[in-house]
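Working notes, beginning with the structure itself.
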Amino acid sequence: MPRIAVVGAGAVGLSTAVNIQKSIPNAKVTIIADKFGKDTTSNGAGGFFRPYTDDFPSEDRQMMSQWVKDSWEFYSSLAQSPQAEETGQTLVSGTVVYNTPRDNQYALLASLAYDFHKVSEEHLRRKKLNYKYGYSFTTVITQTTKFHMWLTKKFREAGGSIINKKLETINELAGEFDIVANCCGLGARELVGDKSTFPVKGHLVMVKAPWMKHFFLSEDDIYLIPHDDKLIIGGTREKNNFSLTAEKATRERILARAQALFPELKGAQVIGEWVGLRPARERIRFETEVLDCGTKGKLQVVHNYGHGGHGITLGWGSGVGAAQLVHGVVTSSKSKM
């Protein structure tokens, strides 16, 4: 019975842990983290499934396209099932707008979303949207609080264990576990000394606006994402900003920009806000490594972190891929025995 630790309990960590259980049913899988649920970065995410291929390094696009397809199949099937409400998966339609064409960047999503289509400039003008190109489609929005709770429940039901612990280094797990799946996000800076992982600060504002039923996103990062109990308005992307302070000026700017495009939001009650540090890298770290832990021996590690703002879009798919890597390590270890 292989002993497998998953470090991190955000969307990527939970997805990886559940997929390892599916791939290796006899494994003893343990999630180790010091942040769970509402304290994780992904818990505050808008959960907007929108693969945009320009955000993917060219050398990784084939792999990441497979992750997108696996994620889409999983989320959309849940959204059209009796489990939709419990898992927090909702099908929502809407529009994204730009001043330059983005056909190539949306080709992957167009192959998945059955109703993906271009919107004419004339239609955008009638909507009083001063952009030249638009694309409308129905996608999945993941309400991450519900999704995290459901994944955690599935993990426990399959025999998984959870340890609330802050690790100083991943080498601490040598001897206690055979394999570690490292999904620690921004924690990689300390846990494995990866200073190429950097934060992208995000700031979102939540309002009560049940009359807003559709998503919207513009090229200048104005976006609306409807959830069951709130409308999420964004947003910001501040690279290398480590501050978790919710700046009043930023909040006011986010609301003012959204209200300028959608005046019907001016009466909406502000019910909350979220500030988080999206864990980014120039390339997601997705690979295996063998660490020499001195007297504790060797430790097999599968790294899966650095998803930035794509933790939901890529999370399930990269969890499937990471589970495959873990399975390969287990199989290889058995063959050497």
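Ordering of the structure tokens sets the chain letters (A, B, ...); residue numbers start at 1 within each chain; ligands are numbered from 1 in the order shown.
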
Nearby residues (only C-alpha atoms) at most 12 Å from Lys38 (chain A), same-chain spacing under 2 positions excluded, as an mmCIF file with C-alpha atoms, in the first residue's frame:
```
data_model
loop_
_atom_site.group_PDB
_atom_site.id
_atom_site.type_symbol
_atom_site.label_atom_id
_atom_site.label_comp_id
_atom_site.auth_asym_id
_atom_site.auth_seq_id
_atom_site.Cartn_x
_atom_site.Cartn_y
_atom_site.Cartn_z
ATOM 1 C CA ALA A 9 -5.712 21.838 -0.105
ATOM 2 C CA GLY A 10 -6.805 24.347 -2.725
ATOM 3 C CA ALA A 11 -8.580 23.397 -5.943
ATOM 4 C CA ASP A 34 -2.096 24.702 6.884
ATOM 5 C CA LYS A 35 -4.915 26.408 4.965
ATOM 6 C CA PHE A 36 -8.282 24.900 4.154
ATOM 7 C CA THR A 40 -7.211 29.005 0.486
ATOM 8 C CA THR A 41 -6.606 31.309 -2.462
ATOM 9 C CA SER A 42 -8.865 29.332 -4.793
ATOM 10 C CA ASN A 43 -11.812 29.623 -2.404
ATOM 11 C CA GLY A 44 -12.204 33.270 -3.412
ATOM 12 C CA ALA A 45 -11.936 32.619 -7.137
ATOM 13 C CA THR A 144 -15.536 27.192 -5.191
ATOM 14 C CA THR A 145 -16.774 27.084 -1.594
ATOM 15 C CA LYS A 146 -19.261 24.361 -2.520
ATOM 16 C CA PHE A 147 -16.775 22.612 -4.796
ATOM 17 C CA HIS A 148 -14.074 22.455 -2.113
ATOM 18 C CA MET A 149 -16.532 21.030 0.413
ATOM 19 C CA TRP A 274 -11.831 39.230 -1.670
ATOM 20 C CA VAL A 275 -8.123 39.831 -1.953
ATOM 21 C CA GLY A 276 -5.856 36.930 -2.776
#
```

Exercise. If you run DSSP on this backbone, which residues of region 1-215 of chain A come out as strand (DSSP E), and could you give them as a PyMOL selection string?
Worked result: chain A and resi 3-7+28-33+89-98+117-119+133-142+161-164+179-182+198-208+215

Take the residues from that selection and put them in a file with C-alpha atoms, as a tab-separated table (two decimals), in the first residue's frame.
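Everything below was put into part-v5.tsv:
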```tsv
chain	number	residue	atom	x	y	z
A	3	ARG	CA	1.82	6.05	1.23
A	4	ILE	CA	1.13	9.24	-0.71
A	5	ALA	CA	1.02	12.79	0.64
A	6	VAL	CA	-0.62	15.69	-1.20
A	7	VAL	CA	0.68	19.06	-0.02
A	28	LYS	CA	-3.13	5.55	1.55
A	29	VAL	CA	-3.52	9.22	0.59
A	30	THR	CA	-3.07	12.07	3.05
A	31	ILE	CA	-3.60	15.79	2.41
A	32	ILE	CA	-1.25	18.02	4.40
A	33	ALA	CA	-1.86	21.76	4.51
A	89	GLN	CA	-21.29	23.87	-10.93
A	90	THR	CA	-23.51	26.15	-13.02
A	91	LEU	CA	-23.87	26.68	-16.75
A	92	VAL	CA	-23.93	30.42	-17.47
A	93	SER	CA	-23.95	32.33	-20.74
A	94	GLY	CA	-22.34	35.67	-21.45
A	95	THR	CA	-19.96	37.70	-23.57
A	96	VAL	CA	-16.27	38.63	-23.70
A	97	VAL	CA	-15.19	41.76	-25.59
A	98	TYR	CA	-11.98	43.12	-27.13
A	117	HIS	CA	-20.15	32.40	-31.65
A	118	LYS	CA	-18.86	35.82	-32.64
A	119	VAL	CA	-20.83	38.93	-31.77
A	133	TYR	CA	-14.98	42.27	-31.23
A	134	GLY	CA	-17.10	40.05	-29.04
A	135	TYR	CA	-17.62	36.35	-28.41
A	136	SER	CA	-20.62	34.81	-26.68
A	137	PHE	CA	-20.87	31.31	-25.24
A	138	THR	CA	-22.16	29.22	-22.38
A	139	THR	CA	-19.53	28.00	-19.94
A	140	VAL	CA	-19.27	26.51	-16.47
A	141	ILE	CA	-18.90	28.68	-13.39
A	142	THR	CA	-17.58	26.87	-10.33
A	161	SER	CA	-6.80	11.50	5.73
A	162	ILE	CA	-6.24	15.21	6.33
A	163	ILE	CA	-3.51	16.75	8.51
A	164	ASN	CA	-3.52	20.43	9.43
A	179	ILE	CA	5.55	9.83	-2.78
A	180	VAL	CA	4.58	13.48	-2.38
A	181	ALA	CA	2.33	15.37	-4.79
A	182	ASN	CA	3.35	18.99	-4.32
A	198	PHE	CA	5.38	34.79	-7.78
A	199	PRO	CA	2.05	36.25	-6.62
A	200	VAL	CA	-0.47	37.96	-8.84
A	201	LYS	CA	-2.64	39.96	-6.46
A	202	GLY	CA	-6.32	39.89	-7.24
A	203	HIS	CA	-9.08	42.07	-5.81
A	204	LEU	CA	-12.77	41.23	-6.31
A	205	VAL	CA	-15.91	42.92	-5.00
A	206	MET	CA	-19.13	41.04	-4.25
A	207	VAL	CA	-22.53	42.70	-4.63
A	208	LYS	CA	-26.12	41.58	-4.31
A	215	PHE	CA	-21.11	36.82	-17.22
```

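Near Val18 (chain A), within 8 Å and counting only C-alpha atoms, sit Leu14, Ser15, Gln21, Lys22, Leu151, Lys154 and Phe155 of chain A, not including residues fewer than 3 positions from it in the same chain.
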
Output the selection as a PDB file, in the first residue's frame - all heavy atoms for each residue.
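out_37.pdb was written with the following content:
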```pdb
ATOM      1  N   LEU A  14      -6.815  19.413  -3.912  1.00  0.00           N
ATOM      2  CA  LEU A  14      -7.963  18.529  -3.723  1.00  0.00           C
ATOM      3  C   LEU A  14      -8.235  17.701  -4.980  1.00  0.00           C
ATOM      4  O   LEU A  14      -8.511  16.498  -4.899  1.00  0.00           O
ATOM      5  CB  LEU A  14      -9.199  19.342  -3.355  1.00  0.00           C
ATOM      6  CG  LEU A  14      -9.201  19.977  -1.958  1.00  0.00           C
ATOM      7  CD1 LEU A  14     -10.376  20.942  -1.807  1.00  0.00           C
ATOM      8  CD2 LEU A  14      -9.261  18.901  -0.873  1.00  0.00           C
ATOM      9  N   SER A  15      -8.147  18.340  -6.144  1.00  0.00           N
ATOM     10  CA  SER A  15      -8.369  17.614  -7.404  1.00  0.00           C
ATOM     11  C   SER A  15      -7.322  16.530  -7.605  1.00  0.00           C
ATOM     12  O   SER A  15      -7.627  15.420  -8.042  1.00  0.00           O
ATOM     13  CB  SER A  15      -8.349  18.586  -8.590  1.00  0.00           C
ATOM     14  OG  SER A  15      -9.408  19.522  -8.492  1.00  0.00           O
ATOM     15  N   GLN A  21      -6.615   8.880  -5.680  1.00  0.00           N
ATOM     16  CA  GLN A  21      -7.445   7.817  -5.107  1.00  0.00           C
ATOM     17  C   GLN A  21      -8.114   6.985  -6.208  1.00  0.00           C
ATOM     18  O   GLN A  21      -8.208   5.764  -6.103  1.00  0.00           O
ATOM     19  CB  GLN A  21      -8.509   8.402  -4.187  1.00  0.00           C
ATOM     20  CG  GLN A  21      -7.967   8.960  -2.880  1.00  0.00           C
ATOM     21  CD  GLN A  21      -9.057   9.599  -2.047  1.00  0.00           C
ATOM     22  OE1 GLN A  21      -9.911  10.317  -2.559  1.00  0.00           O
ATOM     23  NE2 GLN A  21      -9.032   9.333  -0.745  1.00  0.00           N
ATOM     24  N   LYS A  22      -8.568   7.651  -7.256  1.00  0.00           N
ATOM     25  CA  LYS A  22      -9.191   6.934  -8.374  1.00  0.00           C
ATOM     26  C   LYS A  22      -8.177   6.083  -9.117  1.00  0.00           C
ATOM     27  O   LYS A  22      -8.469   4.954  -9.524  1.00  0.00           O
ATOM     28  CB  LYS A  22      -9.830   7.933  -9.355  1.00  0.00           C
ATOM     29  CG  LYS A  22     -11.067   8.638  -8.837  1.00  0.00           C
ATOM     30  CD  LYS A  22     -11.611   9.554  -9.926  1.00  0.00           C
ATOM     31  CE  LYS A  22     -12.889  10.252  -9.483  1.00  0.00           C
ATOM     32  NZ  LYS A  22     -13.443  11.099 -10.572  1.00  0.00           N
ATOM     33  N   LEU A 151     -15.407  18.119  -2.816  1.00  0.00           N
ATOM     34  CA  LEU A 151     -14.183  17.350  -3.062  1.00  0.00           C
ATOM     35  C   LEU A 151     -13.631  16.780  -1.755  1.00  0.00           C
ATOM     36  O   LEU A 151     -13.181  15.630  -1.708  1.00  0.00           O
ATOM     37  CB  LEU A 151     -13.123  18.227  -3.731  1.00  0.00           C
ATOM     38  CG  LEU A 151     -13.278  18.516  -5.217  1.00  0.00           C
ATOM     39  CD1 LEU A 151     -12.168  19.458  -5.679  1.00  0.00           C
ATOM     40  CD2 LEU A 151     -13.280  17.251  -6.060  1.00  0.00           C
ATOM     41  N   LYS A 154     -15.710  13.802  -0.806  1.00  0.00           N
ATOM     42  CA  LYS A 154     -15.387  12.632  -1.648  1.00  0.00           C
ATOM     43  C   LYS A 154     -14.055  12.021  -1.228  1.00  0.00           C
ATOM     44  O   LYS A 154     -13.902  10.794  -1.189  1.00  0.00           O
ATOM     45  CB  LYS A 154     -15.323  13.042  -3.120  1.00  0.00           C
ATOM     46  CG  LYS A 154     -16.623  13.582  -3.677  1.00  0.00           C
ATOM     47  CD  LYS A 154     -17.730  12.551  -3.706  1.00  0.00           C
ATOM     48  CE  LYS A 154     -17.522  11.523  -4.796  1.00  0.00           C
ATOM     49  NZ  LYS A 154     -18.668  10.579  -4.885  1.00  0.00           N
ATOM     50  N   PHE A 155     -13.097  12.885  -0.902  1.00  0.00           N
ATOM     51  CA  PHE A 155     -11.778  12.409  -0.491  1.00  0.00           C
ATOM     52  C   PHE A 155     -11.870  11.610   0.809  1.00  0.00           C
ATOM     53  O   PHE A 155     -11.293  10.525   0.929  1.00  0.00           O
ATOM     54  CB  PHE A 155     -10.840  13.609  -0.321  1.00  0.00           C
ATOM     55  CG  PHE A 155      -9.475  13.257   0.188  1.00  0.00           C
ATOM     56  CD1 PHE A 155      -8.554  12.615  -0.626  1.00  0.00           C
ATOM     57  CD2 PHE A 155      -9.104  13.571   1.496  1.00  0.00           C
ATOM     58  CE1 PHE A 155      -7.295  12.285  -0.159  1.00  0.00           C
ATOM     59  CE2 PHE A 155      -7.842  13.241   1.969  1.00  0.00           C
ATOM     60  CZ  PHE A 155      -6.940  12.593   1.144  1.00  0.00           C
TER      61      PHE A 155
END
```

Problem set entry | Neighbour list for Met212 (chain A) as a PyMOL selection string, cut-off 9 Å, only C-alpha atoms, skip fewer than 5 positions in-chain | chain A and resi 224-226+231+264-265

Emit the selected residues as a compact mmCIF listing (two decimals), in the first residue's frame, including N, CA, C and O atoms.
```txt
# COMPACT_ATOMS: atom_id res chain seq x y z
N LEU A 224 -17.77 40.46 -14.72
CA LEU A 224 -18.91 40.15 -13.86
C LEU A 224 -19.12 38.64 -13.91
O LEU A 224 -19.21 38.07 -15.00
N ILE A 225 -19.19 38.01 -12.73
CA ILE A 225 -19.38 36.56 -12.67
C ILE A 225 -20.51 36.27 -11.69
O ILE A 225 -20.34 36.46 -10.47
N PRO A 226 -21.68 35.84 -12.18
CA PRO A 226 -22.79 35.58 -11.27
C PRO A 226 -22.66 34.25 -10.54
O PRO A 226 -22.36 33.22 -11.15
N LEU A 231 -22.99 38.58 -7.02
CA LEU A 231 -22.34 38.87 -8.30
C LEU A 231 -20.92 39.29 -7.97
O LEU A 231 -20.69 40.21 -7.17
N GLU A 264 -27.10 49.71 -14.30
CA GLU A 264 -28.06 49.03 -13.42
C GLU A 264 -27.40 48.49 -12.15
O GLU A 264 -28.08 48.05 -11.21
N LEU A 265 -26.06 48.51 -12.10
CA LEU A 265 -25.34 48.04 -10.91
C LEU A 265 -25.22 49.13 -9.83
O LEU A 265 -24.80 48.83 -8.70
```

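Counting only C-alpha atoms, Tyr52 (chain A) has the following residues at most 9 Å away, ignoring those fewer than 6 positions along the same chain: A:Gln105, A:Tyr106, A:Ala107, A:Leu108, A:Leu109.
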
For this session: Name the residues in contact with region 284-299 of chain A at a cut-off of 10 Å, using only C-alpha atoms, excluding same-chain residues fewer than 3 positions from it; report them as a PyMOL selection string.
Result: chain A and resi 56-57+60+64+170-183+185+194+197+279-281+302-308+318+321-322+325-326+328-329

For this session: Take CA of Gly234 (chain A) and CA of Ala258 (chain A) and report the distance between them in Å, one decimal.
Result: 8.2 Å

For this session: Go through A:Lys132, A:Gly88, A:Gln269, A:Arg257 and flag the residue nearest Arg102 (chain A), using only C-alpha atoms for the distances.
Result: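 Closest to Arg102 (chain A) of all the choices is A:Lys132.
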
For this session: Would you list, as a ChimeraX atom specification, the residues of region 8-172 of chain A that end up in alpha helix (DSSP H) under DSSP run on this structure's backbone?
Result: /A:11-23,61-79,84-87,107-112,121-126,144-157

Output C-alpha atoms of each residue in that selection to a file, as a compact mmCIF listing (two decimals), in the first residue's frame.
```txt
# COMPACT_ATOMS: atom_id res chain seq x y z
CA ALA A 11 -8.58 23.40 -5.94
CA VAL A 12 -5.42 21.88 -7.45
CA GLY A 13 -4.47 19.92 -4.31
CA LEU A 14 -7.96 18.53 -3.72
CA SER A 15 -8.37 17.61 -7.40
CA THR A 16 -5.00 15.88 -7.40
CA ALA A 17 -5.78 13.95 -4.21
CA VAL A 18 -9.16 12.69 -5.45
CA ASN A 19 -7.67 11.65 -8.78
CA ILE A 20 -4.83 9.76 -7.07
CA GLN A 21 -7.44 7.82 -5.11
CA LYS A 22 -9.19 6.93 -8.37
CA SER A 23 -5.95 5.96 -10.11
CA ARG A 61 -0.03 24.04 -24.95
CA GLN A 62 -0.63 20.45 -25.98
CA MET A 63 -0.47 19.24 -22.37
CA MET A 64 -2.56 22.13 -21.06
CA SER A 65 -5.14 21.67 -23.82
CA GLN A 66 -5.65 18.14 -22.54
CA TRP A 67 -6.08 19.50 -19.02
CA VAL A 68 -8.68 21.96 -20.30
CA LYS A 69 -10.61 19.19 -22.06
CA ASP A 70 -10.53 16.95 -18.97
CA SER A 71 -11.66 19.83 -16.76
CA TRP A 72 -14.45 20.81 -19.14
CA GLU A 73 -15.76 17.26 -19.38
CA PHE A 74 -15.79 16.93 -15.58
CA TYR A 75 -17.29 20.34 -14.70
CA SER A 76 -19.89 20.40 -17.47
CA SER A 77 -21.07 16.87 -16.69
CA LEU A 78 -21.52 17.85 -13.03
CA ALA A 79 -23.34 21.05 -14.05
CA ALA A 84 -24.88 20.41 -9.78
CA GLU A 85 -26.03 22.32 -6.70
CA GLU A 86 -23.91 20.40 -4.19
CA THR A 87 -20.77 20.65 -6.34
CA ALA A 107 -10.29 28.27 -30.67
CA LEU A 108 -9.98 25.67 -27.91
CA LEU A 109 -13.00 26.96 -26.00
CA ALA A 110 -14.94 27.23 -29.26
CA SER A 111 -14.38 23.49 -29.80
CA LEU A 112 -15.91 22.75 -26.37
CA GLU A 121 -19.72 45.22 -33.64
CA GLU A 122 -23.22 46.49 -34.38
CA HIS A 123 -24.63 44.29 -31.62
CA LEU A 124 -22.01 45.59 -29.19
CA ARG A 125 -22.91 49.18 -30.10
CA ARG A 126 -26.58 48.49 -29.38
CA THR A 144 -15.54 27.19 -5.19
CA THR A 145 -16.77 27.08 -1.59
CA LYS A 146 -19.26 24.36 -2.52
CA PHE A 147 -16.77 22.61 -4.80
CA HIS A 148 -14.07 22.45 -2.11
CA MET A 149 -16.53 21.03 0.41
CA TRP A 150 -17.70 18.38 -2.04
CA LEU A 151 -14.18 17.35 -3.06
CA THR A 152 -13.18 17.12 0.60
CA LYS A 153 -16.20 14.92 1.31
CA LYS A 154 -15.39 12.63 -1.65
CA PHE A 155 -11.78 12.41 -0.49
CA ARG A 156 -12.75 11.41 3.06
CA GLU A 157 -15.37 8.93 1.83
```

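Straight-line separation from CA of Cys184 (chain A) to CA of Gly8 (chain A): 4.6 Å.
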
For this session: One decimal, Å: what's the distance from CA of Glu273 (chain A) over to CA of Asn99 (chain A), could you say?
Result: 28.9 Å

Exercise. Of the candidates A:Thr331, A:Gln324, A:Gln80, A:Pro101, which one gets nearest to Glu219 (chain A) if we count only C-alpha atoms?
Worked result: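 Among A:Thr331, A:Gln324, A:Gln80, A:Pro101, it is A:Pro101 that comes nearest to Glu219 (chain A).
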